[in-house]
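*Asks:* Sharing entry.txt, compact mmCIF, C-alpha atoms:
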```txt
# COMPACT_ATOMS: atom_id res chain seq x y z
CA MET A 1245 -7.71 41.65 17.32
CA VAL A 1246 -7.70 38.11 15.93
CA GLU A 1247 -10.96 38.73 14.04
CA GLU A 1248 -9.52 41.95 12.59
CA GLU A 1249 -6.45 40.06 11.32
CA LYS A 1250 -8.69 37.47 9.70
CA THR A 1251 -10.66 40.20 7.97
CA LEU A 1252 -7.52 41.85 6.55
CA ASN A 1253 -5.77 38.59 5.65
CA PRO A 1254 -6.80 37.31 2.18
CA ILE A 1255 -6.26 33.73 3.36
CA TYR A 1256 -9.49 33.86 5.35
CA ILE A 1257 -11.63 35.31 2.52
CA VAL A 1258 -12.09 31.95 0.81
CA PRO A 1259 -14.75 29.71 2.43
CA GLU A 1260 -13.44 26.52 4.04
CA ASP A 1261 -15.49 24.21 1.80
CA LEU A 1262 -14.04 25.89 -1.30
CA LEU A 1263 -10.52 25.59 0.12
CA GLU A 1264 -11.01 21.86 0.57
CA GLU A 1265 -12.20 21.49 -3.03
CA ILE A 1266 -9.10 23.35 -4.22
CA PHE A 1267 -6.75 21.28 -2.07
CA LEU A 1268 -8.26 18.03 -3.35
CA ARG A 1269 -7.19 18.95 -6.86
CA LEU A 1270 -3.59 19.83 -6.01
CA PRO A 1271 -0.57 17.55 -6.53
CA LEU A 1272 0.90 15.98 -3.41
CA LYS A 1273 3.99 18.19 -3.25
CA SER A 1274 1.87 21.36 -3.25
CA ILE A 1275 -0.33 20.00 -0.46
CA LEU A 1276 2.67 19.25 1.73
CA ARG A 1277 4.05 22.75 1.17
CA PHE A 1278 0.74 24.55 1.70
CA LYS A 1279 0.37 23.04 5.17
CA ALA A 1280 2.82 25.71 6.37
CA VAL A 1281 0.71 28.63 5.08
CA SER A 1282 -1.72 28.79 8.02
CA LYS A 1283 -3.16 26.73 10.86
CA GLU A 1284 -6.52 26.71 9.10
CA TRP A 1285 -5.06 25.24 5.92
CA ARG A 1286 -3.09 22.69 7.91
CA SER A 1287 -6.16 21.56 9.87
CA ILE A 1288 -8.09 21.03 6.61
CA MET A 1289 -5.31 19.03 4.97
CA GLU A 1290 -4.65 16.89 8.05
CA SER A 1291 -8.30 16.06 8.74
CA ARG A 1292 -9.37 12.44 8.34
CA SER A 1293 -12.25 13.40 6.03
CA PHE A 1294 -9.86 15.21 3.65
CA ALA A 1295 -7.46 12.23 3.64
CA GLU A 1296 -10.31 9.81 2.90
CA ARG A 1297 -11.73 11.95 0.08
CA ARG A 1298 -8.34 12.27 -1.56
CA MET A 1299 -7.62 8.57 -1.11
CA LYS A 1300 -10.89 7.73 -2.87
CA ALA A 1301 -9.87 9.91 -5.80
CA GLU A 1302 -6.32 8.52 -5.86
CA LYS A 1303 -7.54 4.93 -6.16
CA LYS A 1304 -8.90 5.80 -9.60
CA ASN A 1305 -5.30 6.41 -10.72
CA PRO A 1306 -3.38 3.32 -9.54
CA LYS A 1307 0.37 3.43 -9.07
CA ILE A 1308 3.07 0.85 -8.35
CA LEU A 1309 5.42 1.00 -5.34
CA ALA A 1310 8.88 -0.43 -5.97
CA VAL A 1311 12.40 -0.40 -4.56
CA GLY A 1312 14.58 1.95 -6.58
CA ASP A 1313 17.51 4.34 -6.68
CA HIS A 1314 17.23 7.93 -7.86
CA ARG A 1315 20.76 7.81 -9.24
CA THR A 1316 19.84 5.34 -11.98
CA GLU A 1317 17.48 5.86 -14.88
CA PRO A 1318 14.39 3.65 -15.16
CA ARG A 1319 15.08 0.58 -17.25
CA PHE A 1320 11.65 0.55 -18.81
CA THR A 1321 9.13 2.98 -20.23
CA LEU A 1322 5.37 3.03 -19.82
CA ASP A 1323 2.93 4.53 -22.26
CA ALA A 1324 1.72 7.96 -21.21
CA GLY A 1325 -1.32 7.88 -18.97
CA GLU A 1326 -1.06 4.18 -18.09
CA ILE A 1327 0.50 3.92 -14.65
CA GLU A 1328 3.14 5.62 -12.53
CA VAL A 1329 5.91 3.87 -10.60
CA VAL A 1330 6.89 5.34 -7.21
CA CYS A 1331 10.16 4.14 -5.71
CA LEU A 1332 11.57 3.78 -2.20
CA ARG A 1333 15.30 3.51 -1.79
CA GLY A 1334 17.26 1.84 1.00
CA ASP A 1335 18.02 -1.67 2.21
CA ALA A 1336 15.11 -1.63 4.66
CA ALA A 1337 12.68 -1.27 1.76
CA LYS A 1338 13.87 -4.63 0.42
CA ARG A 1339 12.76 -6.49 3.54
CA PRO A 1340 9.51 -8.52 3.50
CA SER A 1341 6.71 -6.03 4.08
CA LEU A 1342 2.94 -5.59 4.07
CA THR A 1343 1.01 -2.66 2.61
CA CYS A 1344 -2.42 -1.12 3.01
CA GLU A 1345 -3.72 2.01 1.26
CA GLY A 1346 -0.25 3.36 0.56
CA LEU A 1347 1.18 2.67 4.03
CA VAL A 1348 4.07 0.21 4.40
CA CYS A 1349 4.53 -2.10 7.40
CA ILE A 1350 8.07 -3.49 7.77
CA PRO A 1351 8.57 -5.96 10.65
CA VAL A 1352 12.19 -6.36 11.76
CA PRO A 1353 13.64 -8.26 14.74
CA GLY A 1354 12.48 -6.49 17.88
CA CYS A 1355 10.13 -3.92 16.35
CA VAL A 1356 7.49 -3.15 13.74
CA ASN A 1357 7.90 -0.08 11.55
CA ILE A 1358 5.12 1.80 9.74
CA LEU A 1359 6.01 4.23 6.95
CA ASN A 1360 3.86 6.65 4.98
CA PRO A 1361 5.85 7.32 1.78
CA SER A 1362 3.44 10.14 0.81
CA THR A 1363 4.04 12.30 3.92
CA GLY A 1364 7.44 11.03 5.04
CA GLU A 1365 6.11 10.04 8.48
CA TYR A 1366 7.65 7.04 10.18
CA ILE A 1367 6.69 5.34 13.41
CA SER A 1368 8.29 2.36 15.13
CA PHE A 1369 6.85 0.09 17.83
CA PRO A 1370 8.87 -2.46 19.84
CA SER A 1371 7.59 -6.00 19.47
CA GLY A 1372 9.62 -7.79 22.14
CA MET A 1373 11.50 -11.06 21.87
CA ASP A 1374 10.62 -13.43 19.06
CA PRO A 1375 9.70 -16.98 20.20
CA VAL A 1376 11.64 -19.96 18.91
CA THR A 1377 10.04 -22.62 16.72
CA ARG A 1378 11.33 -25.83 15.15
CA ARG A 1379 8.22 -26.33 13.02
CA PHE A 1380 10.06 -25.58 9.76
CA ASP A 1381 13.42 -27.19 10.54
CA TYR A 1382 12.62 -30.20 8.35
CA ILE A 1383 12.22 -27.96 5.30
CA PHE A 1384 15.80 -27.49 4.12
CA PHE A 1385 15.09 -25.71 0.83
CA ALA A 1386 13.80 -22.21 0.11
CA ALA A 1387 10.46 -22.22 -1.66
CA PRO A 1388 9.87 -19.39 -4.16
CA TRP A 1389 6.68 -18.16 -2.46
CA TRP A 1390 8.25 -17.58 0.94
CA ASN A 1391 8.23 -14.17 2.60
CA ILE A 1392 9.71 -14.91 5.99
CA PHE A 1393 9.05 -12.39 8.75
CA PRO A 1394 11.17 -12.31 11.94
CA GLY A 1395 10.52 -15.25 14.24
CA TYR A 1396 8.19 -16.96 11.70
CA TRP A 1397 5.32 -14.74 12.83
CA ALA A 1398 2.23 -14.85 10.63
CA MET A 1399 1.85 -11.12 10.03
CA GLY A 1400 -1.08 -8.96 8.95
CA PHE A 1401 -1.57 -5.24 8.35
CA GLY A 1402 -4.82 -3.49 7.53
CA LYS A 1403 -7.45 -0.86 8.25
CA ASP A 1404 -10.47 -1.11 10.53
CA GLU A 1405 -13.20 0.21 8.22
CA VAL A 1406 -15.47 1.18 11.14
CA ASN A 1407 -13.16 3.54 13.07
CA GLY A 1408 -10.51 4.10 10.39
CA ASN A 1409 -7.59 2.88 12.55
CA TYR A 1410 -4.71 0.93 11.04
CA LYS A 1411 -3.74 -2.26 12.86
CA VAL A 1412 -0.88 -4.76 12.85
CA VAL A 1413 -1.65 -8.41 13.63
CA ARG A 1414 0.81 -11.17 14.38
CA MET A 1415 0.22 -14.81 15.24
CA PHE A 1416 2.37 -17.67 16.45
CA PHE A 1417 1.54 -21.37 16.76
CA ASP A 1418 4.33 -23.13 18.69
CA PRO A 1419 4.20 -24.27 21.41
CA THR A 1420 0.69 -22.75 21.77
CA PHE A 1421 -1.54 -20.65 19.56
CA TYR A 1422 -1.08 -16.93 20.20
CA CYS A 1423 -2.32 -13.69 18.64
CA GLU A 1424 -1.83 -10.01 19.41
CA ILE A 1425 -2.92 -6.78 17.74
CA LEU A 1426 -1.29 -3.35 17.61
CA ASP A 1427 -3.54 -0.33 17.01
CA VAL A 1428 -1.20 2.18 15.36
CA SER A 1429 -3.18 5.16 16.70
CA ILE A 1430 -2.76 3.92 20.29
CA GLY A 1431 0.69 2.35 20.07
CA GLU A 1432 0.29 -0.67 22.36
CA TRP A 1433 0.12 -4.42 21.70
CA ARG A 1434 -2.94 -6.25 22.99
CA ILE A 1435 -3.40 -10.03 23.31
CA VAL A 1436 -6.62 -11.30 21.68
CA LYS A 1437 -8.36 -14.60 21.08
CA PRO A 1438 -5.98 -16.97 19.19
CA PRO A 1439 -6.78 -18.26 15.67
CA PRO A 1440 -8.72 -21.54 15.34
CA TYR A 1441 -5.99 -23.21 13.24
CA ARG A 1442 -2.54 -22.66 11.79
CA VAL A 1443 -1.80 -20.62 8.70
CA ASP A 1444 1.39 -20.54 6.67
CA PRO A 1445 3.50 -17.68 8.12
CA ARG A 1446 5.71 -17.62 5.02
CA ARG A 1447 2.97 -16.31 2.75
CA LYS A 1448 1.89 -12.68 2.67
CA SER A 1449 -1.54 -11.86 4.02
CA VAL A 1450 -3.80 -9.22 2.49
CA CYS A 1451 -6.38 -6.75 3.83
CA VAL A 1452 -9.67 -6.28 1.97
CA ASN A 1453 -12.56 -4.12 3.25
CA GLY A 1454 -11.58 -4.27 6.91
CA SER A 1455 -10.55 -7.95 7.14
CA ILE A 1456 -7.14 -9.62 6.90
CA TYR A 1457 -6.85 -12.93 5.04
CA TRP A 1458 -4.21 -15.66 5.37
CA LEU A 1459 -3.76 -18.66 3.09
CA GLU A 1460 -2.98 -22.10 4.52
CA MET A 1461 -1.73 -24.83 2.19
CA LEU A 1462 0.45 -27.01 4.45
CA ASP A 1463 -2.22 -28.87 6.41
CA GLY A 1464 -5.01 -28.40 3.87
CA ASP A 1465 -6.29 -25.68 1.57
CA SER A 1466 -8.09 -22.97 3.56
CA ILE A 1467 -8.37 -19.19 3.97
CA LEU A 1468 -8.55 -17.65 7.44
CA ALA A 1469 -10.14 -14.20 7.84
CA LEU A 1470 -9.90 -11.78 10.77
CA ASP A 1471 -12.37 -8.89 11.03
CA LEU A 1472 -10.26 -5.99 12.33
CA HIS A 1473 -13.20 -4.33 14.09
CA THR A 1474 -14.86 -7.29 15.84
CA GLU A 1475 -11.52 -9.17 16.04
CA GLU A 1476 -13.33 -12.41 15.25
CA PHE A 1477 -11.93 -15.15 13.00
CA SER A 1478 -13.90 -16.87 10.24
CA ASP A 1479 -13.36 -19.29 7.34
CA VAL A 1480 -13.54 -18.35 3.67
CA PRO A 1481 -14.08 -20.98 0.96
CA VAL A 1482 -11.20 -21.58 -1.46
CA PRO A 1483 -11.47 -21.44 -5.27
CA PRO A 1484 -12.08 -24.68 -7.18
CA GLU A 1485 -8.46 -24.66 -8.41
CA SER A 1486 -5.34 -24.09 -6.34
CA SER A 1487 -1.55 -24.28 -6.53
CA ASP A 1488 1.40 -24.24 -4.13
CA LEU A 1489 2.31 -20.88 -5.67
CA ASP A 1490 -1.03 -19.17 -4.96
CA GLN A 1491 -0.87 -15.52 -3.88
CA LEU A 1492 -3.60 -13.59 -2.05
CA VAL A 1493 -4.10 -10.01 -3.24
CA ASN A 1494 -6.49 -7.08 -2.97
CA LEU A 1495 -7.58 -6.22 -6.49
CA GLN A 1496 -9.94 -3.25 -6.74
CA ASN A 1497 -11.26 -3.85 -3.19
CA ARG A 1498 -12.00 -7.53 -3.82
CA LEU A 1499 -10.19 -10.55 -2.42
CA ALA A 1500 -8.37 -12.30 -5.25
CA ILE A 1501 -6.06 -15.30 -5.67
CA ALA A 1502 -3.48 -15.56 -8.42
CA THR A 1503 -3.04 -19.22 -9.38
CA PRO A 1504 -0.29 -20.22 -11.85
CA ASP A 1505 -0.79 -23.50 -13.71
CA THR A 1506 1.70 -25.35 -15.93
CA VAL A 1507 -0.58 -28.12 -17.25
CA PRO A 1508 -1.40 -28.38 -20.13
CA VAL A 1509 0.07 -24.91 -20.82
CA TRP A 1510 1.66 -22.31 -18.58
CA ARG A 1511 -1.05 -19.85 -17.62
CA LEU A 1512 -2.11 -17.50 -14.86
CA VAL A 1513 -5.64 -17.73 -13.52
CA LEU A 1514 -7.02 -14.93 -11.36
CA TRP A 1515 -9.97 -15.76 -9.11
CA THR A 1516 -11.99 -13.02 -7.38
CA LEU A 1517 -14.39 -13.48 -4.48
CA ASP A 1518 -17.95 -12.21 -4.32
CA ALA A 1519 -18.07 -11.24 -0.64
CA GLN A 1520 -21.86 -11.40 -0.48
CA GLN A 1521 -22.37 -14.74 -2.22
CA LYS A 1522 -19.11 -16.27 -0.95
CA THR A 1523 -18.41 -17.58 -4.44
CA TRP A 1524 -15.33 -17.33 -6.65
CA SER A 1525 -15.29 -16.34 -10.31
CA MET A 1526 -12.52 -16.63 -12.88
CA THR A 1527 -11.66 -13.02 -13.81
CA TYR A 1528 -8.56 -13.48 -15.96
CA THR A 1529 -6.94 -16.42 -17.74
CA ILE A 1530 -3.60 -15.37 -19.21
CA ASN A 1531 -1.42 -17.63 -21.35
CA LEU A 1532 2.13 -17.01 -20.17
CA ARG A 1533 4.25 -16.94 -23.29
CA ILE A 1534 7.39 -16.33 -21.27
CA ARG A 1535 10.74 -18.05 -21.54
CA ASP A 1536 11.64 -19.43 -18.13
CA PRO A 1537 13.68 -22.55 -17.27
CA GLU A 1538 11.64 -23.22 -14.09
CA PRO A 1539 7.99 -22.21 -14.57
CA SER A 1540 6.97 -24.39 -11.62
CA ARG A 1541 8.89 -22.07 -9.28
CA VAL A 1542 7.40 -18.77 -10.42
CA TRP A 1543 4.54 -17.00 -8.64
CA PHE A 1544 2.68 -13.93 -9.81
CA ARG A 1545 1.10 -11.03 -7.92
CA PRO A 1546 -1.55 -8.80 -9.56
CA LEU A 1547 -0.99 -5.08 -8.98
CA ALA A 1548 -3.53 -2.86 -10.71
CA VAL A 1549 -6.03 -2.38 -13.50
CA CYS A 1550 -5.82 1.03 -15.17
CA LYS A 1551 -8.67 2.95 -16.77
CA GLU A 1552 -7.97 1.47 -20.20
CA GLY A 1553 -8.46 -2.03 -18.75
CA ILE A 1554 -4.76 -2.89 -18.91
CA PHE A 1555 -3.84 -5.41 -16.22
CA PHE A 1556 -0.45 -5.08 -14.47
CA PHE A 1557 1.21 -7.87 -12.49
CA CYS A 1558 4.69 -8.92 -11.35
CA ASP A 1559 6.49 -12.15 -10.46
CA ASN A 1560 9.17 -13.28 -8.01
CA LYS A 1561 11.90 -12.89 -10.63
CA LYS A 1562 11.75 -9.07 -10.73
CA ARG A 1563 9.65 -8.93 -13.88
CA LEU A 1564 6.77 -6.52 -14.46
CA PHE A 1565 4.08 -7.38 -17.01
CA LYS A 1566 1.11 -5.72 -18.61
CA TYR A 1567 -1.74 -7.58 -20.23
CA TYR A 1568 -4.31 -6.27 -22.73
CA PRO A 1569 -7.54 -8.30 -22.29
CA LYS A 1570 -9.08 -6.96 -25.51
CA THR A 1571 -6.24 -8.23 -27.70
CA ASN A 1572 -4.95 -10.99 -25.39
CA GLU A 1573 -1.49 -9.43 -25.68
CA LEU A 1574 1.08 -9.89 -22.91
CA SER A 1575 4.33 -7.95 -22.67
CA CYS A 1576 7.17 -7.75 -20.15
CA ILE A 1577 7.88 -4.06 -19.55
CA SER A 1578 10.72 -4.60 -17.08
CA SER A 1579 12.97 -7.54 -16.29
CA ASP A 1580 14.73 -5.95 -13.31
CA ILE A 1581 12.36 -4.20 -10.92
CA CYS A 1582 11.71 -5.08 -7.28
CA VAL A 1583 7.98 -4.41 -6.88
CA ILE A 1584 6.57 -3.98 -3.36
CA SER A 1585 2.86 -3.60 -4.12
CA ASP A 1586 0.24 -1.39 -5.67
CA PHE A 1587 0.25 2.15 -4.32
CA ALA A 1588 -2.02 5.13 -3.70
CA GLU A 1589 -1.04 8.46 -2.15
CA ASN A 1590 -2.34 8.61 1.42
CA LEU A 1591 -2.34 11.79 3.51
CA VAL A 1592 -3.39 10.13 6.77
CA SER A 1593 -1.18 11.10 9.69
CA LEU A 1594 0.70 8.44 11.65
CA ARG A 1595 1.04 10.73 14.66
CA PRO A 1596 -0.42 8.81 17.65
CA SER A 1597 -3.33 10.50 19.45
CA SER A 1598 -1.72 9.56 22.77
CA PRO A 1599 1.88 8.56 22.02
CA ALA A 1600 3.07 5.49 23.91
CA SER A 1601 6.34 5.95 25.77
CA THR A 1602 7.77 2.98 23.90
CA SER A 1603 7.01 4.17 20.36
CA GLU A 1604 9.27 6.31 18.17
CA TYR A 1605 7.63 8.84 15.84
CA LEU A 1606 9.41 10.90 13.22
CA SER A 1607 7.92 13.43 10.82
CA GLY A 1608 9.56 15.22 7.97
CA PHE A 1609 10.30 14.74 4.31
CA HIS A 1610 13.21 14.82 1.96
CA TYR A 1611 12.45 15.16 -1.74
CA GLU A 1612 14.70 13.67 -4.39
CA TYR A 1613 15.10 15.75 -7.56
CA ASP A 1614 17.05 14.98 -10.69
CA ALA A 1615 20.12 16.98 -11.66
CA GLN A 1616 18.13 19.68 -13.45
CA ASP A 1617 16.43 20.83 -10.28
CA ASP A 1618 17.99 23.83 -8.59
CA VAL A 1619 15.91 23.70 -5.45
CA GLN A 1620 15.78 20.98 -2.85
CA ASP A 1621 13.47 20.97 0.12
CA ASP A 1622 15.48 20.42 3.27
CA VAL A 1623 12.94 19.29 5.80
CA GLN A 1624 13.69 17.66 9.13
CA GLY A 1625 16.27 14.97 8.43
CA SER A 1626 17.19 11.83 10.29
CA GLN A 1627 18.83 8.48 9.78
CA LEU A 1628 15.45 6.85 9.26
CA ILE A 1629 14.37 9.41 6.69
CA GLU A 1630 17.65 8.74 4.92
CA LYS A 1631 16.60 5.09 4.71
CA PHE A 1632 13.25 5.86 3.13
CA ARG A 1633 13.35 8.49 0.42
CA TRP A 1634 10.46 8.90 -1.89
CA ILE A 1635 11.30 9.34 -5.55
CA LYS A 1636 8.76 11.03 -7.80
CA LYS A 1637 8.91 12.34 -11.34
CA ARG A 1638 9.31 16.07 -11.54
CA ILE A 1639 6.04 17.94 -11.97
CA PRO A 1640 5.74 21.64 -12.77
CA SER A 1641 3.70 22.01 -9.60
CA ILE A 1642 3.57 25.79 -9.60
CA LEU A 1643 1.92 25.80 -13.01
CA ILE A 1644 -0.46 22.99 -12.06
CA THR A 1645 -1.34 24.64 -8.74
CA THR A 1646 -2.05 28.02 -10.35
CA THR A 1647 -4.19 26.46 -13.06
CA VAL A 1648 -6.21 24.37 -10.61
CA VAL A 1649 -6.79 27.23 -8.17
CA SER A 1650 -7.84 29.58 -10.96
CA ALA A 1651 -10.26 27.04 -12.41
CA VAL A 1652 -11.91 26.29 -9.06
CA PHE A 1653 -12.19 29.99 -8.18
CA PHE A 1654 -13.71 30.78 -11.58
CA ARG A 1655 -16.26 27.99 -11.19
CA TYR A 1656 -17.12 28.99 -7.63
CA PHE A 1657 -17.65 32.68 -8.35
CA SER A 1658 -19.51 31.92 -11.59
CA VAL A 1659 -22.00 29.82 -9.60
CA SER A 1660 -22.24 32.52 -6.91
CA CYS A 1661 -22.93 35.28 -9.43
CA GLY A 1662 -25.43 33.13 -11.26
CA SER A 1663 -27.36 32.43 -8.05
CA ARG A 1664 -27.57 36.17 -7.31
CA HIS A 1665 -29.19 36.87 -10.65
```
Please express the file's structure as structure tokens.
*Replies:*
Amino acid sequence: MVEEEKTLNPIYIVPEDLLEEIFLRLPLKSILRFKAVSKEWRSIMESRSFAERRMKAEKKNPKILAVGDHRTEPRFTLDAGEIEVVCLRGDAAKRPSLTCEGLVCIPVPGCVNILNPSTGEYISFPSGMDPVTRRFDYIFFAAPWWNIFPGYWAMGFGKDEVNGNYKVVRMFFDPTFYCEILDVSIGEWRIVKPPPYRVDPRRKSVCVNGSIYWLEMLDGDSILALDLHTEEFSDVPVPPESSDLDQLVNLQNRLAIATPDTVPVWRLVLWTLDAQQKTWSMTYTINLRIRDPEPSRVWFRPLAVCKEGIFFFCDNKKRLFKYYPKTNELSCISSDICVISDFAENLVSLRPSSPASTSEYLSGFHYEYDAQDDVQDDVQGSQLIEKFRWIKKRIPSILITTTVVSAVFFRYFSVSCGSRH
């Protein structure tokens, strides 16, 4: 009976490999809707291989993730085809966070939250009581590079490149050195070997090719790396130049450090690491022709390089810049935007394979349309989904979907007919 239904149902006429090729070319909204068509389609779109293939394609079209509100118009415009800005709304999105491949990790007192803005999935893990430290009591001012996580934990978030699992790392140093790792797919914290030395917990870490990196500039310039698969620590050499305002970033799958310098002129130097040779090279040197009363208190974080070679970066004063290397032209395209990080659509599921009794998992999505839309998807709602709403420019997805499907079908059957002759 089941085989007869498959024979009569046109859904099952198309080969699975062709379906996957079609789905890879669809916009995100269409993919999320098409999951409800059949179990076969859903299994294809939720497979790890499909998510990885689409992620690889998405990285060629970088985006920027920012905190925004759908009720206000963007205060800046970008040239067509350059880069797209995706916004999260809600107070929780403004908290210090870490990102990896489009996923957002937001530690709060008592728990760690992981959000996938692309699918609307949200999962929360309790983290227990935060220890008390007096290590930073003597510092009575707020430095501009600080991103303070609850309890002064040194936090990390990244992906194990061997098994594909996402992991959260947190370390503490007073009164003793301590480190634990949370595998998001399992949902339980596990104590591991502590780090060999302290790192500055007030600076954001970064994940590059399966390792998390922390910068230490209090007790001496150093970079600590943790391989997320072997869970072993190692040292990484620092660039020949450094600054108190240095920021670690992942730029096109390479570890990079953004170093601002005010002598003799205000400039931004971007160093990138050759992972094989363990050497640093100066990738960008940008003269910062910006009016600012306190240049010594401004840090910069690189975001993306688009196909045209335009380099996007932001600072801690809510400014977004783009730089043209060919003409050495720098422009500020927004003076009031709270940038979280670079962004790529990620279809990986956060649903635990064996949910821990202590974790909280929510699925569902709530689209935000502008006033001209007459349809609004009302998917499973919750207070947490209300906190995190994904805002995306309207796309005529029906037209795009029809065009893409027709093109792929035409190509497929043209090849099939040609092979027969």
*Asks:* Figure out the distance between CA of Ile1577 (chain A) and CA of Asn1305 (chain A), please, to one decimal in Å.
*Replies:*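 Between CA of Asn1305 (chain A) and CA of Ile1577 (chain A) the gap works out to 19.0 Å.
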*Asks:* Using all atoms listed in the file, can you tell me which of A:Leu1492, A:Leu1268, A:Leu1276, A:Pro1375 comes closest to Ser1293 (chain A)?
*Replies:*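 The answer is A:Leu1268, which sits nearest to Ser1293 (chain A).
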*Asks:* Find the residue from A:Asn1497, A:Thr1363, A:Arg1595, A:Ala1588 that sits nearest to Glu1302 (chain A); use all atoms listed in the file when measuring.
*Replies:*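 Selected residue with least distance to Glu1302 (chain A): A:Ala1588.
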*Asks:* Between A:Glu1424, A:Asp1488, A:Glu1345, A:Glu1264, which residue has the minimum interatomic distance to Asn1409 (chain A), considering all atoms listed in the file?
*Replies:*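 The closest residue to Asn1409 (chain A) is A:Glu1345.
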*Asks:* Residues at most 8 Å from Leu1342 (chain A), counting all atoms listed in the file, excluding those fewer than 3 positions away in the same chain, as an mmCIF file with C-alpha atoms, in the coordinates of the input?
*Replies:*
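out12.cif was written with the following content:
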```cif
data_model
loop_
_atom_site.group_PDB
_atom_site.id
_atom_site.type_symbol
_atom_site.label_atom_id
_atom_site.label_comp_id
_atom_site.auth_asym_id
_atom_site.auth_seq_id
_atom_site.Cartn_x
_atom_site.Cartn_y
_atom_site.Cartn_z
ATOM 1 C CA VAL A 1348 4.070 0.210 4.400
ATOM 2 C CA CYS A 1349 4.530 -2.100 7.400
ATOM 3 C CA ILE A 1350 8.070 -3.490 7.770
ATOM 4 C CA GLY A 1400 -1.080 -8.960 8.950
ATOM 5 C CA PHE A 1401 -1.570 -5.240 8.350
ATOM 6 C CA LYS A 1448 1.890 -12.680 2.670
ATOM 7 C CA SER A 1449 -1.540 -11.860 4.020
ATOM 8 C CA VAL A 1450 -3.800 -9.220 2.490
#
```
*Asks:* Can you work out which one of A:Met1461, A:Val1513, A:Ile1554, A:Ala1469 has the shortest atom-to-atom distance to Ile1530 (chain A), counting all atoms listed in the file?
*Replies:*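 Looking at the shortest contact to Ile1530 (chain A), the residue is A:Val1513.
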*Asks:* What's the 12 Å shell around Met1299 (chain A), counting only C-alpha atoms, without same-chain residues fewer than 6 positions away, as a list of chain:residue names?
*Replies:*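 In the requested form, the answer reads A:Leu1268, A:Arg1269, A:Leu1272, A:Arg1292, A:Ser1293, A:Asn1305, A:Pro1306, A:Cys1344, A:Glu1345, A:Gly1346, A:Leu1347, A:Ser1362, A:Phe1587, A:Ala1588, A:Glu1589, A:Asn1590, A:Leu1591, A:Val1592.
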*Asks:* Just want the 8 Å neighbourhood of Pro1394 (chain A), counted on all atoms listed in the file, with same-chain residues fewer than 2 positions away dropped. Output as a list of chain:residue names.
*Replies:*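 So, after excluding close chain neighbours, the residues are A:Pro1351, A:Val1352, A:Pro1353, A:Asp1374, A:Ile1392, A:Tyr1396, A:Trp1397.
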*Asks:* Save the residues we just selected, C-alpha atoms, as a PDB file, keeping the file's coordinate frame?
*Replies:*
```pdb
ATOM      1  CA  PRO A1351       8.570  -5.960  10.650  1.00  0.00           C
ATOM      2  CA  VAL A1352      12.190  -6.360  11.760  1.00  0.00           C
ATOM      3  CA  PRO A1353      13.640  -8.260  14.740  1.00  0.00           C
ATOM      4  CA  ASP A1374      10.620 -13.430  19.060  1.00  0.00           C
ATOM      5  CA  ILE A1392       9.710 -14.910   5.990  1.00  0.00           C
ATOM      6  CA  TYR A1396       8.190 -16.960  11.700  1.00  0.00           C
ATOM      7  CA  TRP A1397       5.320 -14.740  12.830  1.00  0.00           C
TER       8      TRP A1397
END
```
